[in-house]
$ cat start_11.txt   # compact mmCIF, C-alpha atoms and all ligand atoms
# COMPACT_ATOMS: atom_id res chain seq x y z
CA MET L 533 53.46 -37.82 -1.15
CA GLN L 534 54.11 -34.11 -1.45
CA VAL L 535 51.32 -31.51 -1.50
CA ASP L 536 51.32 -27.77 -1.02
CA LEU L 537 49.63 -26.77 2.25
CA THR L 538 51.39 -23.41 2.56
CA ASN L 539 49.28 -20.91 4.54
CA ARG L 540 46.85 -23.64 5.58
CA ILE L 541 45.90 -23.70 9.25
CA ALA L 542 45.27 -27.11 10.81
CA ILE L 543 44.24 -28.69 14.10
CA VAL L 544 45.09 -32.32 14.95
CA THR L 545 43.65 -33.86 18.12
CA GLY L 546 45.34 -36.72 19.96
CA ALA L 547 48.62 -35.59 18.41
CA ALA L 548 51.08 -36.15 21.27
CA GLN L 549 51.97 -39.61 19.95
CA GLY L 550 51.04 -42.42 17.56
CA ILE L 551 48.98 -41.80 14.44
CA GLY L 552 48.11 -38.21 15.43
CA ARG L 553 51.78 -37.33 15.77
CA SER L 554 52.52 -38.69 12.28
CA ILE L 555 49.56 -36.77 10.84
CA ALA L 556 50.76 -33.52 12.42
CA GLN L 557 54.26 -34.21 11.09
CA ALA L 558 53.01 -34.86 7.54
CA LEU L 559 50.96 -31.65 7.58
CA THR L 560 53.84 -29.48 8.84
CA GLN L 561 56.30 -31.08 6.40
CA ASN L 562 53.98 -30.05 3.59
CA GLY L 563 53.76 -26.42 4.67
CA ALA L 564 50.75 -26.26 7.02
CA THR L 565 50.73 -24.48 10.35
CA VAL L 566 49.48 -27.04 12.86
CA MET L 567 48.03 -26.83 16.35
CA LEU L 568 48.60 -30.19 18.00
CA SER L 569 46.26 -31.01 20.83
CA ASP L 570 46.05 -33.79 23.41
CA ILE L 571 45.32 -34.51 27.07
CA GLN L 572 49.02 -35.35 27.55
CA GLU L 573 50.41 -31.86 28.00
CA GLU L 574 54.13 -32.53 28.50
CA LYS L 575 54.39 -35.07 25.71
CA GLY L 576 52.27 -32.93 23.40
CA ARG L 577 54.49 -29.88 23.93
CA ALA L 578 57.61 -31.94 23.33
CA THR L 579 56.13 -33.37 20.11
CA ALA L 580 55.19 -29.91 18.83
CA GLU L 581 58.71 -28.69 19.57
CA GLU L 582 60.19 -31.61 17.63
CA LEU L 583 58.00 -30.79 14.63
CA GLY L 584 59.42 -27.27 14.40
CA PRO L 585 58.26 -23.66 14.21
CA ASN L 586 55.03 -24.41 12.32
CA ALA L 587 53.76 -26.57 15.17
CA ASP L 588 52.28 -25.51 18.49
CA PHE L 589 50.40 -27.31 21.26
CA PHE L 590 47.14 -26.73 23.16
CA THR L 591 45.90 -29.02 25.94
CA CYS L 592 42.37 -30.25 25.28
CA ASP L 593 40.20 -33.17 26.34
CA VAL L 594 37.94 -33.71 23.33
CA SER L 595 35.20 -35.23 25.46
CA ASP L 596 34.70 -31.80 27.10
CA ALA L 597 32.74 -29.49 24.78
CA GLU L 598 34.00 -26.36 26.56
CA GLN L 599 37.66 -27.35 26.14
CA VAL L 600 37.06 -28.11 22.46
CA ARG L 601 35.53 -24.65 21.94
CA GLU L 602 38.59 -23.08 23.63
CA LEU L 603 40.95 -25.02 21.35
CA PHE L 604 39.18 -23.96 18.15
CA ASP L 605 38.61 -20.35 19.34
CA THR L 606 42.32 -20.02 20.18
CA VAL L 607 43.43 -21.18 16.73
CA ILE L 608 40.87 -19.04 14.91
CA GLU L 609 41.71 -15.93 16.98
CA ARG L 610 45.41 -16.45 16.32
CA HIS L 611 45.25 -17.19 12.59
CA GLY L 612 41.87 -15.84 11.50
CA ARG L 613 40.92 -19.08 9.77
CA LEU L 614 40.87 -22.88 9.89
CA ASP L 615 41.50 -25.00 6.80
CA ILE L 616 42.05 -28.54 8.08
CA ALA L 617 40.63 -30.29 11.16
CA VAL L 618 41.85 -33.83 11.85
CA ASN L 619 39.79 -35.40 14.61
CA ASN L 620 42.06 -38.24 15.62
CA ALA L 621 41.88 -38.50 19.44
CA GLY L 622 40.46 -41.86 20.38
CA ILE L 623 40.55 -44.65 22.94
CA ASN L 624 39.74 -48.35 23.15
CA THR L 625 40.06 -50.78 26.03
CA GLY L 626 42.48 -53.61 26.63
CA PRO L 627 41.85 -57.38 26.78
CA GLU L 628 40.46 -57.07 30.34
CA ASN L 629 37.25 -55.64 28.88
CA ARG L 630 36.97 -57.88 25.82
CA VAL L 631 33.71 -59.47 26.97
CA THR L 632 30.23 -60.10 25.58
CA ILE L 633 27.60 -57.37 25.91
CA ASP L 634 25.98 -58.83 29.04
CA GLN L 635 29.31 -58.33 30.87
CA TYR L 636 30.36 -55.10 29.16
CA PRO L 637 30.83 -52.39 31.83
CA ASP L 638 28.56 -49.33 31.42
CA GLU L 639 31.40 -46.97 32.37
CA ILE L 640 33.62 -48.33 29.58
CA TRP L 641 30.79 -47.91 27.07
CA HIS L 642 30.22 -44.29 28.17
CA ARG L 643 33.95 -43.44 28.25
CA ILE L 644 34.57 -44.70 24.71
CA ILE L 645 31.44 -43.04 23.31
CA ASN L 646 32.36 -39.80 25.10
CA VAL L 647 35.86 -39.60 23.66
CA ASP L 648 35.55 -41.32 20.27
CA LEU L 649 32.08 -40.24 19.16
CA ASN L 650 31.03 -37.24 21.26
CA GLY L 651 34.57 -35.80 21.07
CA THR L 652 34.51 -36.08 17.28
CA PHE L 653 31.08 -34.41 17.20
CA TYR L 654 32.29 -31.46 19.34
CA CYS L 655 35.37 -30.98 17.14
CA CYS L 656 33.38 -31.23 13.90
CA LYS L 657 30.83 -28.74 15.19
CA ALA L 658 33.53 -26.21 16.12
CA ALA L 659 35.37 -26.72 12.82
CA ALA L 660 32.18 -26.41 10.75
CA ALA L 661 31.18 -23.14 12.45
CA GLN L 662 34.36 -21.47 11.16
CA MET L 663 34.55 -23.27 7.80
CA ILE L 664 30.96 -22.25 6.94
CA LYS L 665 32.03 -18.59 7.36
CA GLN L 666 34.98 -19.18 5.02
CA HIS L 667 33.03 -21.37 2.59
CA SER L 668 36.02 -23.74 2.58
CA GLY L 669 37.77 -26.41 4.61
CA SER L 670 38.54 -30.09 4.97
CA ILE L 671 37.49 -32.14 7.99
CA ILE L 672 39.02 -35.61 8.41
CA ASN L 673 37.77 -37.94 11.12
CA ILE L 674 39.82 -40.95 12.16
CA ALA L 675 37.56 -43.97 12.62
CA SER L 676 38.64 -47.63 12.36
CA ILE L 677 38.00 -50.80 10.41
CA ALA L 678 36.02 -51.72 13.55
CA GLY L 679 33.42 -49.24 12.33
CA VAL L 680 33.22 -51.11 9.01
CA VAL L 681 33.36 -54.76 10.12
CA PRO L 682 32.48 -55.31 13.79
CA LEU L 683 35.34 -56.75 15.83
CA ARG L 684 33.98 -59.22 18.38
CA LEU L 685 33.96 -58.20 22.08
CA GLN L 686 34.62 -54.52 21.40
CA ILE L 687 31.08 -53.14 21.17
CA GLY L 688 31.90 -49.70 22.59
CA PHE L 689 34.68 -49.09 20.07
CA VAL L 690 32.72 -50.64 17.18
CA ALA L 691 29.62 -48.52 17.88
CA ALA L 692 31.63 -45.32 18.37
CA LYS L 693 33.65 -45.74 15.18
CA ALA L 694 30.60 -46.76 13.10
CA GLY L 695 29.01 -43.59 14.48
CA VAL L 696 32.01 -41.54 13.36
CA ILE L 697 31.73 -42.93 9.81
CA LYS L 698 28.00 -42.10 9.59
CA LEU L 699 28.47 -38.70 11.28
CA THR L 700 31.03 -37.96 8.57
CA GLU L 701 28.68 -38.96 5.75
CA ALA L 702 25.85 -36.89 7.22
CA MET L 703 28.11 -33.85 7.54
CA ALA L 704 29.43 -34.31 4.00
CA ALA L 705 25.86 -34.02 2.73
CA GLU L 706 25.15 -30.96 4.92
CA LEU L 707 28.38 -29.09 4.37
CA GLY L 708 29.25 -29.96 0.76
CA PRO L 709 27.07 -27.13 -0.57
CA MET L 710 29.03 -24.77 1.70
CA GLY L 711 32.39 -25.67 0.14
CA ILE L 712 33.48 -27.99 2.95
CA ARG L 713 34.64 -31.58 2.45
CA VAL L 714 34.25 -34.13 5.26
CA ASN L 715 35.90 -37.55 5.04
CA THR L 716 36.94 -40.45 7.25
CA VAL L 717 40.17 -42.41 7.37
CA SER L 718 39.74 -45.87 8.89
CA PRO L 719 43.04 -47.43 9.94
CA GLY L 720 43.48 -51.14 10.27
CA SER L 721 45.85 -52.55 12.85
CA THR L 722 48.64 -49.98 13.09
CA LEU L 723 51.96 -50.08 14.93
CA VAL L 724 51.82 -47.68 17.89
CA GLU L 725 52.97 -48.07 21.50
CA GLY L 726 49.57 -49.46 22.55
CA THR L 727 49.33 -52.14 19.85
CA LYS L 728 53.00 -53.10 20.35
CA GLN L 729 52.27 -53.74 24.02
CA LEU L 730 49.04 -55.57 23.27
CA PHE L 731 50.18 -57.75 20.34
CA TYR L 732 53.20 -56.91 18.29
CA ASN L 733 55.90 -57.39 20.94
CA ASN L 734 54.60 -60.96 21.30
CA LYS L 735 55.79 -63.01 18.30
CA GLU L 736 52.98 -65.56 18.44
CA LEU L 737 50.22 -62.96 18.77
CA ALA L 738 51.83 -60.77 16.12
CA GLU L 739 51.86 -63.68 13.64
CA LYS L 740 48.25 -64.58 14.45
CA LEU L 741 47.12 -60.99 13.89
CA ALA L 742 49.17 -60.66 10.70
CA SER L 743 47.43 -63.77 9.34
CA PHE L 744 44.15 -61.74 9.25
CA ILE L 745 45.80 -59.10 7.09
CA PRO L 746 46.24 -59.83 3.38
CA MET L 747 49.49 -57.80 3.42
CA ARG L 748 50.63 -59.88 6.41
CA ARG L 749 51.84 -56.94 8.49
CA PRO L 750 50.47 -54.07 10.56
CA GLY L 751 50.38 -50.54 9.14
CA GLU L 752 52.90 -47.85 10.03
CA THR L 753 51.61 -44.52 11.36
CA ASN L 754 53.05 -42.65 8.37
CA GLU L 755 50.93 -44.84 6.06
CA ILE L 756 47.79 -43.52 7.80
CA ALA L 757 49.16 -39.97 7.70
CA GLU L 758 49.65 -40.18 3.91
CA ALA L 759 45.93 -40.89 3.48
CA VAL L 760 45.04 -37.93 5.69
CA LEU L 761 47.45 -35.71 3.77
CA PHE L 762 45.70 -36.60 0.50
CA LEU L 763 42.25 -35.80 1.92
CA ALA L 764 43.50 -32.54 3.43
CA SER L 765 44.97 -31.39 0.14
CA ASP L 766 43.54 -29.98 -3.09
CA ALA L 767 44.40 -33.32 -4.73
CA ALA L 768 41.17 -34.52 -3.06
CA SER L 769 39.11 -31.51 -4.16
CA TYR L 770 36.16 -33.69 -5.30
CA VAL L 771 36.38 -36.31 -2.52
CA ASN L 772 33.57 -35.80 -0.01
CA GLY L 773 31.86 -38.22 2.37
CA HIS L 774 34.36 -40.99 1.67
CA ASN L 775 35.69 -43.52 4.17
CA LEU L 776 39.27 -44.24 3.12
CA VAL L 777 40.17 -47.61 4.65
CA VAL L 778 43.93 -48.03 5.17
CA ASP L 779 44.27 -51.57 6.45
CA GLY L 780 46.47 -53.70 4.16
CA GLY L 781 43.24 -55.34 2.97
CA TRP L 782 41.98 -56.51 6.40
CA VAL L 783 38.29 -55.94 5.60
CA CYS L 784 38.64 -57.78 2.27
CA GLY L 785 40.26 -60.75 3.97
CA PHE L 786 37.59 -60.77 6.64
CA SER L 787 35.88 -63.76 5.07
CA ARG L 788 38.36 -66.49 6.04
CA ASP L 789 39.15 -69.72 4.21
CA PHE L 790 37.11 -72.67 5.48
N1 LIG E 801 46.64 -48.03 16.25
C1 LIG E 801 45.67 -48.73 15.67
O1 LIG E 801 45.83 -49.95 15.39
C2 LIG E 801 44.36 -48.07 15.31
C3 LIG E 801 43.44 -48.82 14.55
C4 LIG E 801 42.23 -48.23 14.22
C5 LIG E 801 41.94 -46.95 14.60
N2 LIG E 801 42.84 -46.24 15.34
C6 LIG E 801 42.45 -44.87 15.72
O2 LIG E 801 43.49 -43.97 15.44
C7 LIG E 801 43.44 -42.88 16.37
C8 LIG E 801 44.81 -42.67 16.99
O3 LIG E 801 45.13 -43.81 17.75
P1 LIG E 801 46.62 -44.31 18.04
O4 LIG E 801 46.70 -45.71 17.60
O5 LIG E 801 47.61 -43.33 17.55
O6 LIG E 801 46.56 -44.36 19.63
P2 LIG E 801 47.42 -43.64 20.76
O7 LIG E 801 46.83 -44.09 22.04
O8 LIG E 801 48.87 -43.88 20.52
O9 LIG E 801 47.12 -42.09 20.52
C9 LIG E 801 45.91 -41.51 20.89
C10 LIG E 801 46.16 -40.13 21.44
O10 LIG E 801 44.90 -39.57 21.81
C11 LIG E 801 45.06 -38.95 23.07
N3 LIG E 801 43.76 -38.91 23.77
C12 LIG E 801 43.14 -39.92 24.43
N4 LIG E 801 42.00 -39.47 24.97
C13 LIG E 801 41.91 -38.16 24.65
C14 LIG E 801 40.96 -37.14 24.93
N5 LIG E 801 39.88 -37.40 25.70
N6 LIG E 801 41.17 -35.91 24.44
C15 LIG E 801 42.28 -35.64 23.68
N7 LIG E 801 43.22 -36.55 23.41
C16 LIG E 801 43.03 -37.79 23.88
C17 LIG E 801 46.09 -39.80 23.81
O11 LIG E 801 46.68 -39.08 24.87
C18 LIG E 801 47.05 -40.15 22.69
O12 LIG E 801 48.08 -39.21 22.57
C19 LIG E 801 42.34 -43.23 17.36
O13 LIG E 801 41.14 -42.59 17.03
C20 LIG E 801 42.20 -44.73 17.21
O14 LIG E 801 40.94 -45.22 17.58
C21 LIG E 801 44.04 -46.78 15.72
$ encode --input "start_11.txt" --output "structure tokens"
Amino acid sequence: MQVDLTNRIAIVTGAAQGIGRSIAQALTQNGATVMLSDIQEEKGRATAEELGPNADFFTCDVSDAEQVRELFDTVIERHGRLDIAVNNAGINTGPENRVTIDQYPDEIWHRIINVDLNGTFYCCKAAAAQMIKQHSGSIINIASIAGVVPLRLQIGFVAAKAGVIKLTEAMAAELGPMGIRVNTVSPGSTLVEGTKQLFYNNKELAEKLASFIPMRRPGETNEIAEAVLFLASDAASYVNGHNLVVDGGWVCGFSRDF
């Protein structure tokens, strides 16, 4: 997909690798000036360098409200505006914490809520403050199909991502009258380093997981980025409060044959 984002200023969190990297790449390739941000400083800088002169990097832990303010203030001071905010940074836990609620560690719950939900809130708040002044802007939050259909034994992630989807809808209602669109993209199982290590490098597990997906394969990061690109662009000028699920049909196939 090609759109014209010339002169648009964007922030992408969690952009050192994975889906965030692909989103930042899609935005720069379509003309936007993008500030990548992540807790991984070295990798983030290297990624920004690879993406070319329209990409820069700023270290920021999204679960820290002060660091988020610094990130957004830096971009706004430098460019005088903010057109696109993609709140992508997120974490989940591995199989060691896939347990029922009675066993679920409090610290894991708090860590996931702090990064995935509170971090998204801080970023949205900072983005909205500037976009209200401009009377324009597009905010895109990255949630998950886990926020649509609960995945068993992942309550922290499920609750955080469901929160992100509802936060988005609430903001769409608040900010729509101010010329700002707020939408969610919910990826299904997507090929990144983490999911390769967890499932996709293991043939048996990969086949089992693919059997849940009507398209019988995981998504590629660029397939998530295309959805974000659409929502960031004027092609989506009347799309507000939507949750765009990009999952090869996972949530439709959720009801299994029996
Ligand atoms: N890959 C999937 O299958 C999948 C499925 C559904 C949703 N998602 C969501 O997509 C988003 C991107 O995930 P990904 O698959 O690319 O994972 P990833 O782990 O490859 O990338 C996440 C990035 O976020 C950064 N990050 C982690 N904590 C951070 C913090 N506190 N502050 C700033 N940056 C932080 C990491 O350093 C990393 O670069 C996440 O929100 C994730 O929940 C991914």
$ residues_near_ligand --input "start_11.txt" --ligand "ligand LIG 801 (chain E)" --cutoff "7 Å" --atoms "only C-alpha atoms and all ligand atoms" --output "PyMOL selection string"
chain L and resi 545-552+569-572+592-595+620-624+647-648+674-677+718-727
$ closest_residue --input "start_11.txt" --among "L:Asn650, L:Ser743, L:Gln635, L:Asn715" --to "L:Ala692" --atoms "all atoms listed in the file"
L:Asn650
$ atom_distance --input "start_11.txt" --atom1 "atom CA of L:Gln662" --atom2 "atom CA of L:Ala542"
12.3 Å
$ closest_residue --input "start_11.txt" --among "L:Val714, L:Ala768, L:Val566, L:Val631" --to "L:Leu685" --atoms "all atoms listed in the file"
L:Val631
$ atom_distance --input "start_11.txt" --atom1 "atom CA of L:Ala764" --atom2 "atom CA of L:Ile608"
17.9 Å
$ atom_distance --input "start_11.txt" --atom1 "atom CA of L:Glu628" --atom2 "atom CA of L:Val777"
27.4 Å
$ closest_residue --input "start_11.txt" --among "L:Ile745, L:Val783, L:Val618, L:Ala759" --to "L:Leu683" --atoms "only C-alpha atoms"
L:Val783
$ closest_residue --input "start_11.txt" --among "L:Glu739, L:Glu598, L:Glu701, L:Asp766" --to "L:Cys655" --atoms "all atoms listed in the file"
L:Glu598
$ residues_near_point --input "start_11.txt" --point "(29.1, -37.7, 3.5)" --cutoff "8 Å" --atoms "all atoms listed in the file" --output "number ranges by chain"
L: 698-706, 714-715, 772-774
$ residues_around --input "start_11.txt" --residues "L:Ile633" --least-positions-apart "5" --cutoff "10 Å" --atoms "only C-alpha atoms" --output "number ranges by chain"
L: 638, 685-688
$ closest_residue --input "start_11.txt" --among "L:Ala580, L:Met710, L:Leu741, L:Val690" --to "L:Arg553" --atoms "only C-alpha atoms"
L:Ala580
$ closest_residue --input "start_11.txt" --among "L:Ala767, L:Val778, L:Ala658, L:Ile672" --to "L:Met533" --atoms "all atoms listed in the file"
L:Ala767
$ axis_aligned_box --input "start_11.txt" --around "stretch 687-703 of chain L" --padding-each-side "8 Å" --output "JSON"
{"center_x": 30.3, "center_y": -43.5, "center_z": 14.2, "size_x": 24.8, "size_y": 35.3, "size_z": 32.8}
$ residues_around --input "start_11.txt" --residues "L:Cys656" --least-positions-apart "3" --cutoff "8 Å" --atoms "only C-alpha atoms" --output "list of chain:residue names"
L:Ala617, L:Asn619, L:Thr652, L:Phe653, L:Ala659, L:Ala660, L:Ile671
$ write_last_selection --input "start_11.txt" --atoms "C-alpha atoms" --output "mmCIF file, in the coordinates of the input"
data_model
loop_
_atom_site.group_PDB
_atom_site.id
_atom_site.type_symbol
_atom_site.label_atom_id
_atom_site.label_comp_id
_atom_site.auth_asym_id
_atom_site.auth_seq_id
_atom_site.Cartn_x
_atom_site.Cartn_y
_atom_site.Cartn_z
ATOM 1 C CA ALA L 617 40.630 -30.290 11.160
ATOM 2 C CA ASN L 619 39.790 -35.400 14.610
ATOM 3 C CA THR L 652 34.510 -36.080 17.280
ATOM 4 C CA PHE L 653 31.080 -34.410 17.200
ATOM 5 C CA ALA L 659 35.370 -26.720 12.820
ATOM 6 C CA ALA L 660 32.180 -26.410 10.750
ATOM 7 C CA ILE L 671 37.490 -32.140 7.990
#
$ residues_around --input "start_11.txt" --residues "L:Ile664" --least-positions-apart "2" --cutoff "8 Å" --atoms "all atoms listed in the file" --output "list in words"
Ala660, Ala661, Gln662, Gln666, His667, Ser668, Leu707, Met710, Gly711 and Ile712 of chain L
$ residues_around --input "start_11.txt" --residues "stretch 584-586 of chain L" --least-positions-apart "4" --cutoff "10 Å" --atoms "only C-alpha atoms" --output "PyMOL selection string"
chain L and resi 541+557+559-561+563-567+579-580
$ build_atoms --input "start_11.txt" --residues "stretch 680-702 of chain L" --atoms "N, CA and C atoms" --output "mmCIF file, in the coordinates of the input"
data_model
loop_
_atom_site.group_PDB
_atom_site.id
_atom_site.type_symbol
_atom_site.label_atom_id
_atom_site.label_comp_id
_atom_site.auth_asym_id
_atom_site.auth_seq_id
_atom_site.Cartn_x
_atom_site.Cartn_y
_atom_site.Cartn_z
ATOM 1 N N VAL L 680 33.639 -50.565 10.301
ATOM 2 C CA VAL L 680 33.220 -51.110 9.010
ATOM 3 C C VAL L 680 32.795 -52.573 9.173
ATOM 4 N N VAL L 681 33.677 -53.358 9.810
ATOM 5 C CA VAL L 681 33.360 -54.760 10.120
ATOM 6 C C VAL L 681 33.495 -54.928 11.635
ATOM 7 N N PRO L 682 32.419 -55.245 12.329
ATOM 8 C CA PRO L 682 32.480 -55.310 13.790
ATOM 9 C C PRO L 682 33.533 -56.299 14.280
ATOM 10 N N LEU L 683 34.392 -55.845 15.188
ATOM 11 C CA LEU L 683 35.340 -56.750 15.830
ATOM 12 C C LEU L 683 34.652 -57.304 17.066
ATOM 13 N N ARG L 684 34.692 -58.601 17.248
ATOM 14 C CA ARG L 684 33.980 -59.220 18.380
ATOM 15 C C ARG L 684 34.505 -58.688 19.707
ATOM 16 N N LEU L 685 33.631 -58.551 20.690
ATOM 17 C CA LEU L 685 33.960 -58.200 22.080
ATOM 18 C C LEU L 685 34.506 -56.787 22.241
ATOM 19 N N GLN L 686 34.173 -55.915 21.292
ATOM 20 C CA GLN L 686 34.620 -54.520 21.400
ATOM 21 C C GLN L 686 33.454 -53.583 21.071
ATOM 22 N N ILE L 687 32.281 -53.842 21.642
ATOM 23 C CA ILE L 687 31.080 -53.140 21.170
ATOM 24 C C ILE L 687 31.163 -51.621 21.317
ATOM 25 N N GLY L 688 31.805 -51.149 22.389
ATOM 26 C CA GLY L 688 31.900 -49.700 22.590
ATOM 27 C C GLY L 688 32.659 -49.061 21.438
ATOM 28 N N PHE L 689 33.814 -49.609 21.130
ATOM 29 C CA PHE L 689 34.680 -49.090 20.070
ATOM 30 C C PHE L 689 33.995 -49.228 18.702
ATOM 31 N N VAL L 690 33.392 -50.395 18.464
ATOM 32 C CA VAL L 690 32.720 -50.640 17.180
ATOM 33 C C VAL L 690 31.588 -49.620 16.980
ATOM 34 N N ALA L 691 30.763 -49.432 18.008
ATOM 35 C CA ALA L 691 29.620 -48.520 17.880
ATOM 36 C C ALA L 691 30.096 -47.083 17.703
ATOM 37 N N ALA L 692 31.121 -46.701 18.464
ATOM 38 C CA ALA L 692 31.630 -45.320 18.370
ATOM 39 C C ALA L 692 32.201 -45.050 16.986
ATOM 40 N N LYS L 693 32.989 -45.980 16.467
ATOM 41 C CA LYS L 693 33.650 -45.740 15.180
ATOM 42 C C LYS L 693 32.659 -45.830 14.014
ATOM 43 N N ALA L 694 31.663 -46.731 14.120
ATOM 44 C CA ALA L 694 30.600 -46.760 13.100
ATOM 45 C C ALA L 694 29.859 -45.429 13.131
ATOM 46 N N GLY L 695 29.656 -44.898 14.336
ATOM 47 C CA GLY L 695 29.010 -43.590 14.480
ATOM 48 C C GLY L 695 29.823 -42.491 13.817
ATOM 49 N N VAL L 696 31.135 -42.554 13.970
ATOM 50 C CA VAL L 696 32.010 -41.540 13.360
ATOM 51 C C VAL L 696 31.883 -41.587 11.828
ATOM 52 N N ILE L 697 31.818 -42.798 11.277
ATOM 53 C CA ILE L 697 31.730 -42.930 9.810
ATOM 54 C C ILE L 697 30.398 -42.332 9.314
ATOM 55 N N LYS L 698 29.307 -42.616 10.022
ATOM 56 C CA LYS L 698 28.000 -42.100 9.590
ATOM 57 C C LYS L 698 27.866 -40.600 9.876
ATOM 58 N N LEU L 699 28.435 -40.144 10.994
ATOM 59 C CA LEU L 699 28.470 -38.700 11.280
ATOM 60 C C LEU L 699 29.168 -37.972 10.130
ATOM 61 N N THR L 700 30.265 -38.558 9.664
ATOM 62 C CA THR L 700 31.030 -37.960 8.570
ATOM 63 C C THR L 700 30.187 -37.867 7.299
ATOM 64 N N GLU L 701 29.502 -38.957 6.971
ATOM 65 C CA GLU L 701 28.680 -38.960 5.750
ATOM 66 C C GLU L 701 27.563 -37.926 5.854
ATOM 67 N N ALA L 702 26.948 -37.841 7.033
ATOM 68 C CA ALA L 702 25.850 -36.890 7.220
ATOM 69 C C ALA L 702 26.364 -35.456 7.076
#
